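Visitor: my_file-v4.txt (compact mmCIF, C-alpha atoms and all ligand atoms) pasted underneath:
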# COMPACT_ATOMS: atom_id res chain seq x y z
CA MET A 1172 0.00 0.00 0.00
CA HIS A 1173 2.91 2.39 0.58
CA GLU A 1174 5.11 1.27 -2.29
CA LEU A 1175 5.03 4.65 -4.06
CA PRO A 1176 6.78 6.64 -1.30
CA ILE A 1177 9.17 3.74 -0.76
CA THR A 1178 10.09 3.70 -4.46
CA GLN A 1179 10.59 7.47 -4.41
CA SER A 1180 12.92 7.02 -1.48
CA ILE A 1181 14.85 4.24 -3.28
CA LEU A 1182 15.36 6.52 -6.28
CA GLU A 1183 16.50 9.43 -4.13
CA ILE A 1184 19.07 7.25 -2.34
CA ALA A 1185 20.34 5.66 -5.56
CA LEU A 1186 20.75 8.98 -7.38
CA ARG A 1187 22.57 10.51 -4.44
CA HIS A 1188 25.10 7.67 -4.30
CA ALA A 1189 25.50 7.52 -8.08
CA ASN A 1190 26.99 10.99 -8.13
CA GLY A 1191 25.75 11.71 -11.64
CA HIS A 1192 26.80 8.38 -13.14
CA ARG A 1193 24.31 6.25 -15.03
CA ILE A 1194 22.82 3.57 -12.76
CA THR A 1195 22.55 0.03 -14.14
CA ASP A 1196 21.58 -2.02 -11.07
CA VAL A 1197 20.14 -1.42 -7.61
CA TYR A 1198 20.48 -4.07 -4.86
CA LEU A 1199 17.85 -4.06 -2.13
CA VAL A 1200 17.69 -6.22 0.99
CA ILE A 1201 14.17 -6.69 2.34
CA GLY A 1202 13.10 -8.93 5.19
CA ASP A 1203 9.89 -10.89 4.94
CA LEU A 1204 8.46 -8.98 7.92
CA ALA A 1205 8.65 -5.71 5.99
CA SER A 1206 5.33 -5.38 4.22
CA VAL A 1207 6.51 -4.44 0.75
CA VAL A 1208 5.30 -5.89 -2.54
CA ASP A 1209 8.23 -6.27 -4.95
CA ASP A 1210 6.08 -6.11 -8.09
CA SER A 1211 4.56 -2.77 -7.07
CA VAL A 1212 7.99 -1.29 -6.38
CA GLN A 1213 9.13 -2.55 -9.80
CA PHE A 1214 6.07 -0.97 -11.41
CA TYR A 1215 6.67 2.44 -9.86
CA TRP A 1216 10.41 2.19 -10.55
CA GLU A 1217 9.87 2.06 -14.29
CA ILE A 1218 7.68 5.16 -14.14
CA LEU A 1219 9.75 7.22 -11.69
CA THR A 1220 13.15 6.57 -13.31
CA LYS A 1221 12.06 7.96 -16.71
CA ASP A 1222 14.48 10.70 -17.79
CA THR A 1223 16.75 10.12 -14.81
CA PRO A 1224 20.24 8.49 -14.72
CA ALA A 1225 18.47 5.39 -13.38
CA GLU A 1226 16.27 4.89 -16.44
CA GLY A 1227 16.43 1.28 -17.66
CA SER A 1228 18.19 0.05 -14.52
CA ARG A 1229 17.41 -3.30 -12.87
CA LEU A 1230 16.10 -3.66 -9.34
CA HIS A 1231 17.33 -6.71 -7.42
CA PHE A 1232 15.40 -7.86 -4.37
CA LYS A 1233 17.29 -9.97 -1.87
CA ARG A 1234 14.57 -11.36 0.36
CA VAL A 1235 15.58 -12.36 3.90
CA PRO A 1236 13.33 -15.00 5.49
CA ALA A 1237 11.84 -14.15 8.87
CA GLU A 1238 13.60 -16.33 11.46
CA LEU A 1239 12.07 -16.33 14.91
CA GLN A 1240 13.12 -17.93 18.15
CA CYS A 1241 10.79 -18.92 20.97
CA MET A 1242 11.93 -17.35 24.24
CA ASN A 1243 10.12 -20.06 26.18
CA CYS A 1244 11.46 -23.28 24.59
CA ALA A 1245 14.27 -21.84 22.37
CA ARG A 1246 12.85 -23.48 19.25
CA LYS A 1247 13.81 -21.62 16.05
CA PHE A 1248 11.19 -21.37 13.33
CA ARG A 1249 10.21 -19.43 10.24
CA PHE A 1250 7.37 -16.92 10.17
CA ASN A 1251 4.38 -18.66 8.60
CA GLY A 1252 2.34 -15.52 7.95
CA GLU A 1253 -0.07 -16.51 10.73
CA GLY A 1254 1.12 -14.40 13.64
CA LEU A 1255 4.17 -14.86 15.79
CA VAL A 1256 3.33 -17.98 17.76
CA CYS A 1257 5.72 -20.86 18.56
CA PRO A 1258 4.65 -24.02 16.68
CA ASP A 1259 5.94 -26.23 19.52
CA CYS A 1260 4.71 -24.70 22.76
CA GLY A 1261 2.31 -22.03 21.50
CA SER A 1262 4.12 -19.23 23.30
CA VAL A 1263 3.92 -15.74 21.80
CA GLY A 1264 7.17 -14.71 23.46
CA VAL A 1265 9.33 -14.77 20.36
CA LYS A 1266 12.48 -12.96 19.38
CA VAL A 1267 12.96 -11.81 15.80
CA LEU A 1268 16.34 -13.08 14.57
CA SER A 1269 15.97 -11.79 11.02
CA GLY A 1270 13.32 -10.54 8.65
CA GLU A 1271 13.11 -6.84 9.52
CA GLU A 1272 15.83 -5.79 7.04
CA PHE A 1273 14.89 -2.85 4.88
CA TYR A 1274 17.84 -1.22 3.14
CA MET A 1275 19.81 -0.64 -0.05
CA GLU A 1276 22.98 -2.67 -0.12
CA ALA A 1277 24.68 -1.27 -3.21
CA ILE A 1278 24.22 0.15 -6.66
CA GLU A 1279 26.08 -0.50 -9.86
CA VAL A 1280 26.96 2.46 -12.03
CA ALA A 1281 28.43 2.82 -15.51
CA ASP A 1282 32.15 3.30 -15.13
CA ARG A 1283 32.51 5.87 -17.82
CA THR A 1284 29.77 7.17 -20.08
CA GLU A 1285 29.16 10.23 -22.15
CA ASP A 1286 26.68 11.27 -19.42
CA ASP A 1287 29.33 11.46 -16.78
CA VAL A 1288 30.47 14.93 -15.96
CA GLY A 1289 33.39 15.91 -13.82
CA SER A 1290 33.97 12.52 -12.26
CA MET B 434 32.02 -1.53 -17.65
CA THR B 435 30.19 -1.00 -14.43
CA LYS B 436 31.36 -0.23 -10.93
CA ARG B 437 29.74 -1.36 -7.69
CA VAL B 438 29.08 1.39 -5.14
CA PRO B 439 28.29 0.20 -1.61
CA VAL B 440 25.35 2.07 -0.10
CA VAL B 441 23.89 0.42 3.02
CA GLU B 442 21.19 2.95 3.73
CA LYS B 443 17.67 2.41 5.09
CA LEU B 444 15.04 2.65 2.38
CA LEU B 445 13.03 5.28 4.19
CA SER B 446 16.03 7.37 5.17
CA ALA B 447 14.52 10.47 3.56
CA ASN B 448 11.39 10.11 5.68
CA ASP B 449 13.49 9.45 8.78
CA ARG B 450 15.62 12.55 8.16
CA LEU B 451 12.56 14.73 7.76
CA ALA B 452 11.06 13.18 10.89
CA GLN B 453 14.19 14.28 12.77
CA GLU B 454 13.73 17.77 11.38
CA ASN B 455 10.12 17.80 12.57
CA ARG B 456 11.27 16.68 16.01
CA ALA B 457 13.87 19.44 16.19
CA ARG B 458 11.26 22.01 15.23
CA LEU B 459 8.83 20.76 17.87
CA ASP B 460 11.53 20.70 20.54
CA GLU B 461 12.66 24.19 19.72
CA ALA B 462 9.11 25.48 20.10
CA GLY B 463 8.53 23.44 23.25
CA VAL B 464 5.70 21.42 21.74
CA PHE B 465 5.12 17.86 22.94
CA ALA B 466 3.67 15.76 20.09
CA VAL B 467 1.83 12.45 20.21
CA ASN B 468 1.08 10.19 17.24
CA LEU B 469 -2.28 8.41 17.70
CA MET B 470 -2.63 5.27 15.61
CA ALA B 471 -5.48 2.76 15.36
CA SER B 472 -7.69 0.85 12.99
CA PRO B 473 -10.66 2.75 11.48
CA GLY B 474 -13.31 3.49 14.08
CA ALA B 475 -11.28 2.43 17.14
CA GLY B 476 -11.93 5.85 18.67
CA LYS B 477 -9.02 8.15 17.78
CA THR B 478 -11.22 11.21 17.32
CA SER B 479 -13.36 10.27 20.35
CA LEU B 480 -10.23 10.08 22.50
CA ILE B 481 -9.13 13.50 21.26
CA GLU B 482 -12.61 14.87 22.03
CA GLN B 483 -12.44 13.46 25.55
CA THR B 484 -8.85 14.58 26.13
CA LEU B 485 -9.22 18.21 25.05
CA PRO B 486 -11.72 19.47 27.65
CA ARG B 487 -9.64 17.83 30.40
CA LEU B 488 -6.52 19.77 29.39
CA THR B 489 -7.58 23.07 27.85
CA GLU B 490 -7.56 24.92 31.17
CA ARG B 491 -3.90 24.07 31.68
CA LEU B 492 -2.56 23.66 28.15
CA ARG B 493 -2.89 24.92 24.64
CA VAL B 494 -3.64 21.82 22.59
CA ALA B 495 -3.63 21.61 18.79
CA VAL B 496 -4.72 18.71 16.61
CA VAL B 497 -3.48 17.46 13.26
CA ASP B 498 -5.88 15.11 11.55
CA GLY B 499 -4.89 12.75 8.78
CA ASP B 500 -7.82 11.68 6.72
CA ILE B 501 -8.09 10.25 3.26
CA ALA B 502 -10.80 12.66 2.16
CA THR B 503 -12.95 14.58 4.66
CA SER B 504 -12.41 17.24 7.34
CA ILE B 505 -15.01 15.77 9.73
CA ASP B 506 -12.44 14.77 12.35
CA ALA B 507 -10.59 18.09 12.25
CA ASP B 508 -13.92 19.89 12.73
CA ARG B 509 -14.74 17.66 15.70
CA ALA B 510 -11.37 18.56 17.26
CA ALA B 511 -11.97 22.29 16.79
CA GLN B 512 -15.41 21.88 18.34
CA ALA B 513 -13.88 20.14 21.37
CA GLY B 514 -11.59 23.07 22.15
CA ALA B 515 -8.38 22.69 20.15
CA VAL B 516 -6.59 26.04 19.77
CA ALA B 517 -5.92 25.00 16.18
CA SER B 518 -6.78 22.02 14.06
CA VAL B 519 -5.22 21.16 10.74
CA GLN B 520 -6.64 18.68 8.31
CA ILE B 521 -4.12 16.77 6.22
CA ASN B 522 -5.66 15.25 3.19
CA THR B 523 -3.47 12.25 2.42
CA GLY B 524 -4.79 11.97 -1.11
CA GLY B 525 -5.52 8.28 -0.75
CA GLU B 526 -2.37 7.34 1.18
CA CYS B 527 -3.12 4.99 4.03
CA HIS B 528 -0.80 6.63 6.57
CA LEU B 529 0.75 9.96 7.50
CA ASP B 530 4.44 10.45 6.75
CA ALA B 531 7.02 12.99 7.82
CA VAL B 532 6.43 15.17 4.75
CA MET B 533 2.74 15.53 5.58
CA LEU B 534 3.43 16.42 9.20
CA HIS B 535 6.10 18.87 8.04
CA GLN B 536 3.47 20.65 5.93
CA ALA B 537 0.99 20.65 8.78
CA LEU B 538 3.57 22.16 11.17
CA GLY B 539 4.00 24.98 8.66
CA GLN B 540 0.34 25.86 9.13
CA LEU B 541 0.56 26.05 12.91
CA ASP B 542 1.85 28.80 15.17
CA LEU B 543 4.01 26.42 17.23
CA GLY B 544 4.88 29.12 19.77
CA GLN B 545 1.23 29.14 20.81
CA ILE B 546 0.98 25.38 21.37
CA ASP B 547 2.00 23.12 24.27
CA LEU B 548 0.64 19.76 23.12
CA LEU B 549 0.06 18.48 19.60
CA LEU B 550 -2.16 15.46 19.07
CA VAL B 551 -1.74 13.84 15.67
CA GLU B 552 -4.54 11.55 14.48
CA ASN B 553 -3.02 9.15 11.99
CA VAL B 554 -5.06 7.51 9.22
CA GLY B 555 -7.11 4.52 10.41
CA ASN B 556 -4.91 1.54 9.55
CA LEU B 557 -3.14 -1.19 11.53
CA VAL B 558 -0.27 -1.87 9.14
CA CYS B 559 1.32 1.10 7.44
CA PRO B 560 1.57 3.93 10.01
CA ALA B 561 4.15 1.98 12.03
CA THR B 562 6.57 2.09 9.07
CA PHE B 563 6.65 5.88 8.79
CA ALA B 564 8.23 7.91 11.57
CA LEU B 565 6.72 11.39 11.91
CA GLY B 566 9.01 13.01 14.44
CA THR B 567 6.46 12.98 17.26
CA HIS B 568 7.73 12.29 20.79
CA LYS B 569 5.41 9.38 21.60
CA SER B 570 3.48 6.84 19.56
CA VAL B 571 0.22 5.59 21.00
CA LEU B 572 -1.86 2.72 19.69
CA ILE B 573 -5.59 2.70 20.38
CA ALA B 574 -7.11 -0.77 20.38
CA SER B 575 -10.82 -1.21 20.99
CA VAL B 576 -12.86 -4.05 22.42
CA PRO B 577 -15.08 -4.73 19.37
CA GLU B 578 -11.99 -5.33 17.19
CA GLY B 579 -11.33 -8.55 19.08
CA ASP B 580 -8.67 -9.89 21.43
CA ASP B 581 -6.50 -11.42 18.69
CA LYS B 582 -5.20 -8.18 17.17
CA PRO B 583 -1.74 -8.24 18.81
CA TYR B 584 -1.17 -11.66 17.26
CA LYS B 585 -2.30 -10.52 13.82
CA TYR B 586 -0.67 -7.09 13.67
CA PRO B 587 2.57 -7.54 15.61
CA GLY B 588 4.36 -4.71 13.78
CA MET B 589 1.96 -2.15 15.17
CA TYR B 590 2.19 -3.39 18.76
CA ARG B 591 5.97 -3.67 18.74
CA GLY B 592 6.71 -0.03 18.00
CA VAL B 593 4.46 1.99 20.34
CA ASP B 594 5.10 3.73 23.68
CA ALA B 595 1.60 3.30 25.14
CA LEU B 596 -1.56 1.37 24.44
CA VAL B 597 -5.11 2.61 24.98
CA ILE B 598 -7.77 -0.11 25.17
CA ASN B 599 -10.93 1.78 24.28
CA LYS B 600 -14.62 0.91 24.54
CA ILE B 601 -14.32 -1.11 27.76
CA ASP B 602 -17.99 -0.24 28.38
CA LEU B 603 -18.70 -2.93 25.76
CA LEU B 604 -16.86 -5.71 27.61
CA PRO B 605 -20.08 -7.22 29.03
CA TYR B 606 -21.53 -7.60 25.54
CA ILE B 607 -18.59 -8.75 23.45
CA PRO B 608 -16.43 -11.86 23.84
CA PHE B 609 -13.04 -10.36 24.59
CA ASP B 610 -10.51 -12.32 26.63
CA MET B 611 -8.50 -9.55 28.30
CA ASP B 612 -5.86 -12.00 29.58
CA TYR B 613 -5.28 -13.45 26.12
CA PHE B 614 -5.08 -9.93 24.66
CA ARG B 615 -2.62 -8.76 27.33
CA ARG B 616 -0.40 -11.84 26.94
CA GLY B 617 0.01 -11.01 23.26
CA VAL B 618 0.81 -7.38 24.06
CA GLU B 619 3.31 -8.32 26.76
CA ALA B 620 5.13 -10.71 24.42
CA LEU B 621 5.47 -8.14 21.67
CA ASN B 622 6.18 -5.10 23.81
CA PRO B 623 7.22 -6.11 27.35
CA GLY B 624 6.21 -3.64 30.04
CA LEU B 625 4.10 -1.52 27.70
CA VAL B 626 1.94 0.92 29.65
CA THR B 627 -1.77 0.37 28.94
CA PHE B 628 -4.89 2.45 29.57
CA PRO B 629 -8.17 0.54 29.51
CA LEU B 630 -10.83 3.24 29.17
CA SER B 631 -14.12 4.24 27.69
CA CYS B 632 -14.60 7.41 25.69
CA LYS B 633 -18.31 6.91 26.19
CA THR B 634 -18.50 6.71 30.00
CA GLY B 635 -15.23 8.49 30.78
CA GLU B 636 -14.01 5.56 32.88
CA GLY B 637 -10.23 5.24 32.92
CA LEU B 638 -9.55 8.59 31.27
CA ASP B 639 -7.83 10.12 34.30
CA ALA B 640 -4.85 7.75 34.08
CA TRP B 641 -4.43 8.56 30.39
CA ILE B 642 -4.52 12.30 31.05
CA GLU B 643 -1.98 11.87 33.85
CA TRP B 644 0.36 9.98 31.52
CA LEU B 645 0.15 12.78 28.96
CA LEU B 646 0.88 15.45 31.56
CA HIS B 647 3.68 13.44 33.09
CA ASN B 648 5.41 12.98 29.73
CA LEU B 649 4.92 16.48 28.54
CA THR B 650 6.51 18.33 31.40
CA PRO B 651 10.19 17.94 30.42
CA THR B 652 9.90 19.22 26.83
CA THR B 653 7.50 22.07 27.49
CA ARG B 654 9.71 23.47 30.21
CA PRO B 655 11.46 26.54 28.80
CA PRO B 656 14.96 25.58 27.57
CA ASP B 657 17.62 26.45 30.14
CA HIS B 658 20.79 26.47 28.06
N1 LIG A 1301 -19.45 2.15 23.09
C1 LIG A 1301 -18.44 2.94 22.80
N2 LIG A 1301 -18.36 3.52 21.58
C2 LIG A 1301 -17.30 4.32 21.33
C3 LIG A 1301 -16.29 4.57 22.28
N3 LIG A 1301 -15.37 5.39 21.72
C4 LIG A 1301 -15.80 5.66 20.48
N4 LIG A 1301 -16.96 5.02 20.22
C5 LIG A 1301 -17.74 5.06 18.96
O1 LIG A 1301 -16.97 4.46 17.93
C6 LIG A 1301 -17.22 5.11 16.68
C7 LIG A 1301 -15.92 5.55 16.01
O2 LIG A 1301 -15.29 6.54 16.81
P1 LIG A 1301 -14.27 7.59 16.22
O3 LIG A 1301 -13.72 8.36 17.38
O4 LIG A 1301 -14.86 8.36 15.11
O5 LIG A 1301 -13.16 6.61 15.64
P2 LIG A 1301 -11.85 6.97 14.78
O6 LIG A 1301 -10.81 6.00 15.18
O7 LIG A 1301 -11.52 8.41 14.89
O8 LIG A 1301 -12.36 6.63 13.32
P3 LIG A 1301 -11.70 7.03 11.90
O9 LIG A 1301 -11.10 8.39 12.05
O10 LIG A 1301 -12.88 7.01 10.97
O11 LIG A 1301 -10.71 5.97 11.59
C8 LIG A 1301 -18.17 6.25 16.98
O12 LIG A 1301 -19.47 5.83 16.68
C9 LIG A 1301 -18.00 6.46 18.49
O13 LIG A 1301 -19.15 6.98 19.08
C10 LIG A 1301 -16.42 3.94 23.57
O14 LIG A 1301 -15.56 4.07 24.47
N5 LIG A 1301 -17.50 3.13 23.75
MG MG A 1302 -11.24 9.81 13.40
ZN ZN A 1303 8.20 -22.56 22.17
Take the structure in this file and express it as structure tokens.
Ligand SMILES: Nc1nc2c(ncn2[C@@H]2O[C@H](COP(=O)(O)OP(=O)(O)OP(=O)(O)O)[C@@H](O)[C@H]2O)c(=O)[nH]1
Ligand SMILES: [Mg+2]
Ligand SMILES: [Zn+2]
Guide:
Amino acid sequence: MHELPITQSILEIALRHANGHRITDVYLVIGDLASVVDDSVQFYWEILTKDTPAEGSRLHFKRVPAELQCMNCARKFRFNGEGLVCPDCGSVGVKVLSGEEFYMEAIEVADRTEDDVGS
Amino acid sequence: MTKRVPVVEKLLSANDRLAQENRARLDEAGVFAVNLMASPGAGKTSLIEQTLPRLTERLRVAVVDGDIATSIDADRAAQAGAVASVQINTGGECHLDAVMLHQALGQLDLGQIDLLLVENVGNLVCPATFALGTHKSVLIASVPEGDDKPYKYPGMYRGVDALVINKIDLLPYIPFDMDYFRRGVEALNPGLVTFPLSCKTGEGLDAWIEWLLHNLTPTTRPPDH
């Protein structure tokens, strides 16, 4: 539902780090607990990057599975989309080990292009 | 040839930066701001209506209302005694973000305000993702929504500083296992302060008002640097 502002933010970050170079690839790391729909981000990306140095670039989504650990019985399990309840003992006291990631890892830029100025 | 540039930056860093700017602006003006979040109809506006008359003798309270289309809630706040009320039309967005609050702050005379209550858009998923720059985040749950909400919307319960449980006047009529509800809350947000209350009967409101006053004192004190 909030993919548009997220995509705008992705573009702003990528352009800032590209320093005027043409962007070819953007690498995102997103945990499964972050409610973001990849396809919607991709959709907005193609629209928002028009006439920018990121036009035609590829978005890469590295999805991190949500790993939880029960604080009662120490069992580790994956988030099943059904709420954070331990499948063994039913406890809701769980610790999130991974799955809340939400960042840009890197971008790839053209080394030297006619677009590059003063680099 | 391409070159890899490491970034490692949070995807909503722009929103977070602007939220920090909002916070700085509020602090400078000595305004204590609270972000009220809840599902549609949980009683955000009702809580604001009940809170205002209990504070207006002591404090100048303003309200910012996020709403997808109408100004009904902002009008209700003005009616209840807010010194100013600003309606933010989110244009279909399901949450407020730092940009929207930034614009709303521009419409307020912050020097004339002690407490700012922000009514977020009714939604149990998205508002938690977008920091606004307010000092405290409060979630309002309500009895008719059911006792399973902490289990279904953990993201919302994990990030807040206080929890209001509204509509307790309906407890005799609706199956709501308070122990089950509280266990879920405690697991997600250990030690979270909760205020069971009713905006209809006024029961429980005093503790909520006290919490607001207690939290607001440090920032509204004139800066002594
Ligand atoms: N019985 C009962 N009804 C309540 C209570 N608080 C609010 N209501 C009713 O719940 C309905 C919704 O209240 P609002 O305050 O408009 O809820 P809201 O969260 O601001 O709703 P939106 O802004 O539309 O998302 C209204 O009909 C209120 O009268 C309460 O404590 N008890
Ligand atoms: Mg309302
Ligand atoms: Zn367990």
Visitor: Give as a ChimeraX atom specification the residues surrounding ligand MG 1302 (chain A) up to a distance of 12 Å, considering only C-alpha atoms and all ligand atoms.
Guide: /B:469-482,496-510,520,551-556,573
Visitor: What residues of the protein or nucleic acid chains come within 10 Å of ligand ZN 1303 (chain A) when you use all atoms listed in the file? Reply as a count of residues only.
Guide: 19
Visitor: Write out as CSV a residue-level contact list of chain A versus chain B with cut-off 6 Å: for each qualifying residue the closest pair of atoms and the distance in Å to one decimal, counting only C-alpha atoms, rows sorted by chain and residue number upward.
Guide:
residue,atom,partner,partner_atom,distance
A:Ser1180,CA,B:Leu445,CA,5.9
A:Ile1181,CA,B:Leu444,CA,5.9
A:Gly1254,CA,B:Tyr584,CA,5.1
A:Val1263,CA,B:Ala620,CA,5.8
A:Gly1264,CA,B:Ala620,CA,4.6
A:Phe1273,CA,B:Lys443,CA,6.0
A:Tyr1274,CA,B:Lys443,CA,4.1
A:Met1275,CA,B:Val441,CA,5.2
A:Glu1276,CA,B:Val441,CA,4.5
A:Ala1277,CA,B:Pro439,CA,4.2
A:Ile1278,CA,B:Val438,CA,5.2
A:Glu1279,CA,B:Arg437,CA,4.3
A:Val1280,CA,B:Lys436,CA,5.3
A:Ala1281,CA,B:Thr435,CA,4.3
A:Asp1282,CA,B:Thr435,CA,4.8
Visitor: Name all residues at most 8 Å from Val494 in chain B (count only C-alpha atoms; drop same-chain ones fewer than 4 positions away) and give them as a list in words.
Guide: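 So the residues in contact are Leu485, Leu488, Thr489, Ala515, Val516, Ala517, Ile546, Asp547, Leu548, Leu549 and Leu550 of chain B.
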Visitor: Go ahead and write the residues just picked, C-alpha atoms, as an mmCIF file, in the coordinates of the input.
Guide:
data_model
loop_
_atom_site.group_PDB
_atom_site.id
_atom_site.type_symbol
_atom_site.label_atom_id
_atom_site.label_comp_id
_atom_site.auth_asym_id
_atom_site.auth_seq_id
_atom_site.Cartn_x
_atom_site.Cartn_y
_atom_site.Cartn_z
ATOM 1 C CA LEU B 485 -9.220 18.210 25.050
ATOM 2 C CA LEU B 488 -6.520 19.770 29.390
ATOM 3 C CA THR B 489 -7.580 23.070 27.850
ATOM 4 C CA ALA B 515 -8.380 22.690 20.150
ATOM 5 C CA VAL B 516 -6.590 26.040 19.770
ATOM 6 C CA ALA B 517 -5.920 25.000 16.180
ATOM 7 C CA ILE B 546 0.980 25.380 21.370
ATOM 8 C CA ASP B 547 2.000 23.120 24.270
ATOM 9 C CA LEU B 548 0.640 19.760 23.120
ATOM 10 C CA LEU B 549 0.060 18.480 19.600
ATOM 11 C CA LEU B 550 -2.160 15.460 19.070
#
Visitor: Counting only C-alpha atoms, find the residues whose atoms lie at most 12 Å from (17.5, 5.3, -8.9) (file coordinates) and write them out as an MDAnalysis selection string.
Guide: (chainID A and resid 1177:1199 1212:1213 1215:1230 1275 1277:1280) or (chainID B and resid 444)
Visitor: Would you mind reading off the distance between CA of Ala564 in chain B and CA of Met611 in chain B, one decimal, in Å?
Guide: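 About the pair CA of Ala564 in chain B and CA of Met611 in chain B: they are 29.4 Å apart.
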Visitor: Choose the residue, out of B:Val464, B:Val576, B:Trp641, B:Met589, that has the smallest atom-to-atom separation from Leu1204 in chain A; count only C-alpha atoms.
Guide: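 Residue with the minimum atom-to-atom distance to Leu1204 in chain A: B:Met589.
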Visitor: Excluding Ala1205 in chain A and its own-chain neighbours fewer than 3 positions away, which residues fall within 7 Å of it when counting only C-alpha atoms? Please give them as a list in words.
Guide: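 Once the adjacent positions are removed, what remains is Ile1201, Gly1202, Glu1271 and Phe1273 of chain A.
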Visitor: Can you tell me how far CA of Asp612 in chain B sits from atom N3 of ligand LIG 1301 (chain A), in Å to one decimal?
Guide: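 These two atoms are separated by 21.3 Å.
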Visitor: Rounded to one decimal, what separation in Å do you get between CA of Leu646 in chain B and CA of Leu630 in chain B?
Guide: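 Interatomic distance here is 17.1 Å.
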Visitor: Hey, which of B:Leu565, B:Leu557, B:Leu645, B:Gly592 ends up closest to ligand LIG 1301 (chain A)? Count all atoms listed in the file.
Guide: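 The shortest atom-to-atom distance to ligand LIG 1301 (chain A) comes from B:Leu557.
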Visitor: List the neighbours of Val571 in chain B out to 7 Å using only C-alpha atoms; skip same-chain residues closer than 4 positions along the sequence, and give me the result as a PyMOL selection string.
Guide: chain B and resi 468-470+593-596
Visitor: How big is the axis-aligned box, and where does its centre sit, when it encloses all atoms of ligand LIG 1301 (chain A) listed in the file and has 6 Å added on every side, reported in Å to one decimal as lines of an AutoDock Vina configuration file?
Guide:
center_x = -15.1
center_y = 5.3
center_z = 17.7
size_x = 20.8
size_y = 18.3
size_z = 25.5
Visitor: Complete range 523-527 of chain B at the level of all heavy atoms, written as a tab-separated table (two decimals), in the frame of the given file.
Guide:
chain	number	residue	atom	x	y	z
B	523	THR	N	-4.59	13.10	2.85
B	523	THR	CA	-3.47	12.25	2.42
B	523	THR	C	-3.59	11.85	0.95
B	523	THR	O	-2.74	11.13	0.45
B	523	THR	CB	-3.39	10.97	3.27
B	523	THR	OG1	-4.60	10.23	3.07
B	523	THR	CG2	-3.24	11.30	4.73
B	524	GLY	N	-4.65	12.29	0.30
B	524	GLY	CA	-4.79	11.97	-1.11
B	524	GLY	C	-4.78	10.47	-1.38
B	524	GLY	O	-4.16	10.01	-2.32
B	525	GLY	N	-5.43	9.72	-0.51
B	525	GLY	CA	-5.52	8.28	-0.75
B	525	GLY	C	-4.46	7.47	-0.03
B	525	GLY	O	-4.60	6.26	0.09
B	526	GLU	N	-3.39	8.10	0.45
B	526	GLU	CA	-2.37	7.34	1.18
B	526	GLU	C	-2.96	6.84	2.49
B	526	GLU	O	-3.76	7.51	3.14
B	526	GLU	CB	-1.13	8.19	1.47
B	526	GLU	CG	-0.19	8.38	0.28
B	526	GLU	CD	0.48	7.08	-0.18
B	526	GLU	OE1	0.52	6.10	0.61
B	526	GLU	OE2	0.96	7.07	-1.32
B	527	CYS	N	-2.51	5.67	2.89
B	527	CYS	CA	-3.12	4.99	4.03
B	527	CYS	C	-2.41	5.29	5.34
B	527	CYS	O	-2.61	4.62	6.34
B	527	CYS	CB	-3.08	3.50	3.77
B	527	CYS	SG	-1.45	2.97	3.20
